[in-house]
$ cat target_17.csv   # CSV, C-alpha atoms
chain,number,residue,atom,x,y,z
A,17,MET,CA,21.8,-18.1,18.9
A,18,GLY,CA,18.5,-16.7,20.1
A,19,ILE,CA,16.5,-13.6,19.0
A,20,ARG,CA,18.5,-11.3,21.3
A,21,ASN,CA,21.9,-12.8,20.5
A,22,PHE,CA,23.1,-12.3,16.9
A,23,GLU,CA,26.4,-11.8,15.3
A,24,LYS,CA,25.6,-9.4,12.5
A,25,ILE,CA,22.8,-7.8,10.5
A,26,LYS,CA,23.0,-7.2,6.8
A,27,ILE,CA,21.0,-4.4,5.2
A,28,LYS,CA,20.9,-3.8,1.4
A,29,LEU,CA,18.9,-1.8,-1.0
A,30,ALA,CA,15.9,-3.4,-2.8
A,31,SER,CA,16.1,-3.6,-6.5
A,32,PRO,CA,13.4,-1.9,-8.6
A,33,GLU,CA,12.0,-5.3,-9.6
A,34,LYS,CA,11.7,-6.3,-5.9
A,35,ILE,CA,10.0,-3.0,-5.0
A,36,GLU,CA,7.5,-3.6,-7.8
A,37,GLU,CA,7.0,-7.1,-6.6
A,38,TRP,CA,6.1,-5.8,-3.1
A,39,SER,CA,3.8,-3.2,-4.5
A,40,TYR,CA,0.0,-3.5,-4.3
A,41,GLY,CA,-0.5,-0.9,-7.0
A,42,GLU,CA,0.7,2.3,-8.7
A,43,VAL,CA,0.1,5.7,-7.2
A,44,THR,CA,-0.8,7.9,-10.2
A,45,LYS,CA,-2.2,11.1,-8.4
A,46,PRO,CA,-0.5,13.4,-5.9
A,47,GLU,CA,-3.7,14.0,-4.0
A,48,THR,CA,-4.1,12.5,-0.5
A,49,ILE,CA,-7.5,13.2,1.1
A,50,ASN,CA,-10.6,14.8,-0.4
A,51,TYR,CA,-11.2,17.9,1.7
A,52,ARG,CA,-15.0,17.7,1.4
A,53,THR,CA,-15.5,14.0,2.2
A,54,LEU,CA,-12.3,13.5,4.2
A,55,ASN,CA,-11.9,10.1,2.3
A,56,PRO,CA,-8.7,9.0,0.6
A,57,GLU,CA,-8.5,10.0,-3.1
A,58,LYS,CA,-8.6,7.0,-5.6
A,59,ASP,CA,-5.1,6.3,-7.0
A,60,GLY,CA,-3.7,8.9,-4.7
A,61,LEU,CA,-1.1,8.6,-1.9
A,62,PHE,CA,-3.6,7.2,0.6
A,63,CYS,CA,-5.7,5.1,-1.9
A,64,GLU,CA,-7.8,2.4,-0.3
A,65,LYS,CA,-7.5,0.2,-3.4
A,66,ILE,CA,-3.7,0.2,-3.1
A,67,PHE,CA,-3.1,0.3,0.6
A,68,GLY,CA,-6.3,-1.3,2.1
A,69,PRO,CA,-9.5,0.0,3.7
A,70,THR,CA,-9.6,2.8,6.3
A,71,LYS,CA,-12.3,1.0,8.3
A,72,ASP,CA,-12.0,-2.7,9.4
A,73,TRP,CA,-13.9,-5.2,7.3
A,74,GLU,CA,-15.5,-2.5,5.1
A,75,CYS,CA,-14.9,-1.5,1.4
A,76,ALA,CA,-14.7,2.2,0.4
A,77,CYS,CA,-18.2,2.4,-1.0
A,78,GLY,CA,-19.8,0.6,1.9
A,79,LYS,CA,-21.3,-2.2,-0.2
A,80,TYR,CA,-19.6,-4.9,1.8
A,81,LYS,CA,-19.4,-4.6,5.6
A,82,ARG,CA,-18.6,-7.1,8.3
A,83,MET,CA,-16.1,-9.9,8.6
A,84,ARG,CA,-18.1,-12.4,6.6
A,85,TYR,CA,-16.9,-10.8,3.4
A,86,LYS,CA,-13.2,-11.3,4.5
A,87,GLY,CA,-10.8,-11.3,1.5
A,88,LEU,CA,-13.5,-10.3,-1.0
A,89,ILE,CA,-12.7,-7.4,-3.5
A,90,CYS,CA,-15.6,-5.1,-4.1
A,91,GLU,CA,-16.4,-4.9,-7.8
A,92,LYS,CA,-17.5,-1.3,-7.5
A,93,CYS,CA,-14.6,0.4,-5.6
A,94,GLU,CA,-12.0,-2.4,-6.0
A,95,VAL,CA,-11.1,-2.4,-2.3
A,96,GLU,CA,-10.4,-5.6,-0.4
A,97,VAL,CA,-12.5,-6.3,2.6
A,98,THR,CA,-10.0,-6.8,5.4
A,99,LYS,CA,-8.5,-5.2,8.5
A,100,SER,CA,-7.5,-1.6,8.2
A,101,LYS,CA,-4.2,-2.5,9.9
A,102,VAL,CA,-2.9,-3.8,6.5
A,103,ARG,CA,-2.4,-0.1,5.5
A,104,ARG,CA,0.7,-0.1,7.8
A,105,GLU,CA,2.2,-3.0,5.8
A,106,ARG,CA,1.2,-2.5,2.2
A,107,MET,CA,3.3,-0.5,-0.3
A,108,GLY,CA,2.6,1.2,-3.6
A,109,HIS,CA,5.0,2.4,-6.3
A,110,ILE,CA,5.3,5.5,-8.5
A,111,ALA,CA,6.3,4.9,-12.1
A,112,LEU,CA,8.7,7.6,-13.3
A,113,ALA,CA,8.9,8.9,-16.9
A,114,ALA,CA,12.6,8.5,-16.9
A,115,PRO,CA,15.0,6.3,-15.0
A,116,VAL,CA,16.5,8.0,-11.9
A,117,SER,CA,19.4,6.7,-9.9
A,118,HIS,CA,19.3,6.9,-6.1
A,119,ILE,CA,22.2,8.6,-4.3
A,120,TRP,CA,22.8,5.5,-2.2
A,121,TYR,CA,23.7,3.5,-5.4
A,122,SER,CA,26.6,5.9,-6.2
A,123,LYS,CA,30.0,5.4,-4.6
$ encode --input "target_17.csv" --output "structure tokens"
Amino acid sequence: MGIRNFEKIKIKLASPEKIEEWSYGEVTKPETINYRTLNPEKDGLFCEKIFGPTKDWECACGKYKRMRYKGLICEKCEVEVTKSKVRRERMGHIALAAPVSHIWYSK
């Protein structure tokens, strides 16, 4: 069997533990982007600390720029110096005050 030829595909829901394992941090604020600076709000839905930098090889505060700081986490803004493309792959989670059941779990 090759990549194009397969017999079946199995899709299942991720458990809450698995989702938290995949998460890079908790989103605690509903804000997205600061309307004055046009930068993502810290701990918001577009947070650079959680999802990664908006500019390649540059932390949010600008202390570390260029590829030579690859993988370093800035001690000031806590953003990892890496490609901005990681924002497409990283996930965050939202902790709820009470447990909620997803409709897909009910039969």
$ residues_around --input "target_17.csv" --residues "Phe62 of chain A" --least-positions-apart "5" --cutoff "12 Å" --atoms "only C-alpha atoms" --output "PyMOL selection string"
chain A and resi 41-50+54-57+67-70+103-104+106-108
$ residues_around --input "target_17.csv" --residues "Trp120 of chain A" --least-positions-apart "4" --cutoff "12 Å" --atoms "only C-alpha atoms" --output "PyMOL selection string"
chain A and resi 28-30+116
$ residues_around --input "target_17.csv" --residues "Cys93 of chain A" --least-positions-apart "6" --cutoff "10 Å" --atoms "all atoms listed in the file" --output "list in words"
Lys58, Glu64, Lys65, Cys75, Ala76, Cys77, Gly78 and Lys79 of chain A
$ closest_residue --input "target_17.csv" --among "A:Ile19, A:Glu91, A:Ile35, A:Ile25" --to "Ala111 of chain A" --atoms "only C-alpha atoms"
A:Ile35
$ atom_distance --input "target_17.csv" --atom1 "atom CA of Lys86 of chain A" --atom2 "atom CA of Asp72 of chain A"
10.0 Å
$ atom_distance --input "target_17.csv" --atom1 "atom CA of Glu37 of chain A" --atom2 "atom CA of Leu112 of chain A"
16.2 Å
$ closest_residue --input "target_17.csv" --among "A:Cys90, A:Ile66, A:Ile27, A:Leu61" --to "Val102 of chain A" --atoms "only C-alpha atoms"
A:Ile66
$ atom_distance --input "target_17.csv" --atom1 "atom CA of Asp59 of chain A" --atom2 "atom CA of Arg82 of chain A"
24.4 Å
$ build_atoms --input "target_17.csv" --residues "segment 75-111 of chain A" --atoms "N, CA and C atoms" --output "PDB file, in the coordinates of the input"
ATOM      1  N   CYS A  75     -15.465  -2.077   2.672  1.00  0.00           N
ATOM      2  CA  CYS A  75     -14.900  -1.500   1.400  1.00  0.00           C
ATOM      3  C   CYS A  75     -15.166  -0.008   1.413  1.00  0.00           C
ATOM      4  N   ALA A  76     -14.566   0.696   0.466  1.00  0.00           N
ATOM      5  CA  ALA A  76     -14.700   2.200   0.400  1.00  0.00           C
ATOM      6  C   ALA A  76     -16.072   2.656   0.143  1.00  0.00           C
ATOM      7  N   CYS A  77     -16.822   1.953  -0.699  1.00  0.00           N
ATOM      8  CA  CYS A  77     -18.200   2.400  -1.000  1.00  0.00           C
ATOM      9  C   CYS A  77     -19.220   1.972  -0.016  1.00  0.00           C
ATOM     10  N   GLY A  78     -18.864   1.032   0.861  1.00  0.00           N
ATOM     11  CA  GLY A  78     -19.800   0.600   1.900  1.00  0.00           C
ATOM     12  C   GLY A  78     -20.691  -0.568   1.471  1.00  0.00           C
ATOM     13  N   LYS A  79     -20.472  -1.102   0.270  1.00  0.00           N
ATOM     14  CA  LYS A  79     -21.300  -2.200  -0.200  1.00  0.00           C
ATOM     15  C   LYS A  79     -21.111  -3.456   0.645  1.00  0.00           C
ATOM     16  N   TYR A  80     -19.864  -3.738   1.011  1.00  0.00           N
ATOM     17  CA  TYR A  80     -19.600  -4.900   1.800  1.00  0.00           C
ATOM     18  C   TYR A  80     -19.079  -4.456   3.208  1.00  0.00           C
ATOM     19  N   LYS A  81     -19.810  -4.869   4.223  1.00  0.00           N
ATOM     20  CA  LYS A  81     -19.400  -4.600   5.600  1.00  0.00           C
ATOM     21  C   LYS A  81     -19.472  -5.863   6.396  1.00  0.00           C
ATOM     22  N   ARG A  82     -18.661  -5.959   7.381  1.00  0.00           N
ATOM     23  CA  ARG A  82     -18.600  -7.100   8.300  1.00  0.00           C
ATOM     24  C   ARG A  82     -17.536  -8.121   7.837  1.00  0.00           C
ATOM     25  N   MET A  83     -17.136  -8.940   8.796  1.00  0.00           N
ATOM     26  CA  MET A  83     -16.100  -9.900   8.600  1.00  0.00           C
ATOM     27  C   MET A  83     -16.450 -11.066   7.685  1.00  0.00           C
ATOM     28  N   ARG A  84     -17.733 -11.294   7.478  1.00  0.00           N
ATOM     29  CA  ARG A  84     -18.100 -12.400   6.600  1.00  0.00           C
ATOM     30  C   ARG A  84     -17.708 -12.274   5.183  1.00  0.00           C
ATOM     31  N   TYR A  85     -17.360 -11.050   4.764  1.00  0.00           N
ATOM     32  CA  TYR A  85     -16.900 -10.800   3.400  1.00  0.00           C
ATOM     33  C   TYR A  85     -15.355 -10.743   3.339  1.00  0.00           C
ATOM     34  N   LYS A  86     -14.692 -11.282   4.340  1.00  0.00           N
ATOM     35  CA  LYS A  86     -13.200 -11.300   4.500  1.00  0.00           C
ATOM     36  C   LYS A  86     -12.552 -11.723   3.158  1.00  0.00           C
ATOM     37  N   GLY A  87     -11.611 -10.913   2.663  1.00  0.00           N
ATOM     38  CA  GLY A  87     -10.800 -11.300   1.500  1.00  0.00           C
ATOM     39  C   GLY A  87     -11.512 -10.942   0.152  1.00  0.00           C
ATOM     40  N   LEU A  88     -12.780 -10.574   0.181  1.00  0.00           N
ATOM     41  CA  LEU A  88     -13.500 -10.300  -1.000  1.00  0.00           C
ATOM     42  C   LEU A  88     -13.085  -8.887  -1.560  1.00  0.00           C
ATOM     43  N   ILE A  89     -12.974  -8.738  -2.859  1.00  0.00           N
ATOM     44  CA  ILE A  89     -12.700  -7.400  -3.500  1.00  0.00           C
ATOM     45  C   ILE A  89     -13.928  -6.899  -4.088  1.00  0.00           C
ATOM     46  N   CYS A  90     -14.335  -5.726  -3.636  1.00  0.00           N
ATOM     47  CA  CYS A  90     -15.600  -5.100  -4.100  1.00  0.00           C
ATOM     48  C   CYS A  90     -15.449  -4.779  -5.602  1.00  0.00           C
ATOM     49  N   GLU A  91     -16.465  -5.161  -6.373  1.00  0.00           N
ATOM     50  CA  GLU A  91     -16.400  -4.900  -7.800  1.00  0.00           C
ATOM     51  C   GLU A  91     -16.700  -3.451  -8.155  1.00  0.00           C
ATOM     52  N   LYS A  92     -17.248  -2.689  -7.221  1.00  0.00           N
ATOM     53  CA  LYS A  92     -17.500  -1.300  -7.500  1.00  0.00           C
ATOM     54  C   LYS A  92     -16.340  -0.379  -7.177  1.00  0.00           C
ATOM     55  N   CYS A  93     -15.758  -0.511  -5.978  1.00  0.00           N
ATOM     56  CA  CYS A  93     -14.600   0.400  -5.600  1.00  0.00           C
ATOM     57  C   CYS A  93     -13.283  -0.321  -5.633  1.00  0.00           C
ATOM     58  N   GLU A  94     -13.264  -1.628  -5.867  1.00  0.00           N
ATOM     59  CA  GLU A  94     -12.000  -2.400  -6.000  1.00  0.00           C
ATOM     60  C   GLU A  94     -11.193  -2.467  -4.726  1.00  0.00           C
ATOM     61  N   VAL A  95     -11.821  -2.311  -3.562  1.00  0.00           N
ATOM     62  CA  VAL A  95     -11.100  -2.400  -2.300  1.00  0.00           C
ATOM     63  C   VAL A  95     -11.354  -3.717  -1.632  1.00  0.00           C
ATOM     64  N   GLU A  96     -10.285  -4.317  -1.124  1.00  0.00           N
ATOM     65  CA  GLU A  96     -10.400  -5.600  -0.400  1.00  0.00           C
ATOM     66  C   GLU A  96     -10.988  -5.425   0.941  1.00  0.00           C
ATOM     67  N   VAL A  97     -11.903  -6.304   1.318  1.00  0.00           N
ATOM     68  CA  VAL A  97     -12.500  -6.300   2.600  1.00  0.00           C
ATOM     69  C   VAL A  97     -11.587  -7.004   3.601  1.00  0.00           C
ATOM     70  N   THR A  98     -10.919  -6.239   4.457  1.00  0.00           N
ATOM     71  CA  THR A  98     -10.000  -6.800   5.400  1.00  0.00           C
ATOM     72  C   THR A  98      -9.746  -5.798   6.546  1.00  0.00           C
ATOM     73  N   LYS A  99      -8.814  -6.092   7.429  1.00  0.00           N
ATOM     74  CA  LYS A  99      -8.500  -5.200   8.500  1.00  0.00           C
ATOM     75  C   LYS A  99      -7.831  -3.926   8.010  1.00  0.00           C
ATOM     76  N   SER A 100      -8.098  -2.804   8.642  1.00  0.00           N
ATOM     77  CA  SER A 100      -7.500  -1.600   8.200  1.00  0.00           C
ATOM     78  C   SER A 100      -5.976  -1.532   8.597  1.00  0.00           C
ATOM     79  N   LYS A 101      -5.568  -2.437   9.458  1.00  0.00           N
ATOM     80  CA  LYS A 101      -4.200  -2.500   9.900  1.00  0.00           C
ATOM     81  C   LYS A 101      -3.229  -2.844   8.731  1.00  0.00           C
ATOM     82  N   VAL A 102      -3.751  -3.423   7.645  1.00  0.00           N
ATOM     83  CA  VAL A 102      -2.900  -3.800   6.500  1.00  0.00           C
ATOM     84  C   VAL A 102      -2.322  -2.507   5.849  1.00  0.00           C
ATOM     85  N   ARG A 103      -2.921  -1.342   6.101  1.00  0.00           N
ATOM     86  CA  ARG A 103      -2.400  -0.100   5.500  1.00  0.00           C
ATOM     87  C   ARG A 103      -0.990   0.209   6.047  1.00  0.00           C
ATOM     88  N   ARG A 104      -0.633  -0.333   7.198  1.00  0.00           N
ATOM     89  CA  ARG A 104       0.700  -0.100   7.800  1.00  0.00           C
ATOM     90  C   ARG A 104       1.752  -0.983   7.055  1.00  0.00           C
ATOM     91  N   GLU A 105       1.309  -2.050   6.406  1.00  0.00           N
ATOM     92  CA  GLU A 105       2.200  -3.000   5.800  1.00  0.00           C
ATOM     93  C   GLU A 105       2.328  -2.914   4.295  1.00  0.00           C
ATOM     94  N   ARG A 106       1.276  -2.510   3.645  1.00  0.00           N
ATOM     95  CA  ARG A 106       1.200  -2.500   2.200  1.00  0.00           C
ATOM     96  C   ARG A 106       2.001  -1.297   1.606  1.00  0.00           C
ATOM     97  N   MET A 107       2.576  -1.548   0.439  1.00  0.00           N
ATOM     98  CA  MET A 107       3.300  -0.500  -0.300  1.00  0.00           C
ATOM     99  C   MET A 107       2.767  -0.327  -1.660  1.00  0.00           C
ATOM    100  N   GLY A 108       2.908   0.880  -2.178  1.00  0.00           N
ATOM    101  CA  GLY A 108       2.600   1.200  -3.600  1.00  0.00           C
ATOM    102  C   GLY A 108       3.862   1.644  -4.241  1.00  0.00           C
ATOM    103  N   HIS A 109       3.792   1.861  -5.539  1.00  0.00           N
ATOM    104  CA  HIS A 109       5.000   2.400  -6.300  1.00  0.00           C
ATOM    105  C   HIS A 109       4.534   3.518  -7.172  1.00  0.00           C
ATOM    106  N   ILE A 110       5.506   4.346  -7.532  1.00  0.00           N
ATOM    107  CA  ILE A 110       5.300   5.500  -8.500  1.00  0.00           C
ATOM    108  C   ILE A 110       6.177   5.211  -9.665  1.00  0.00           C
ATOM    109  N   ALA A 111       5.577   5.067 -10.836  1.00  0.00           N
ATOM    110  CA  ALA A 111       6.300   4.900 -12.100  1.00  0.00           C
ATOM    111  C   ALA A 111       6.803   6.233 -12.577  1.00  0.00           C
TER     112      ALA A 111
END
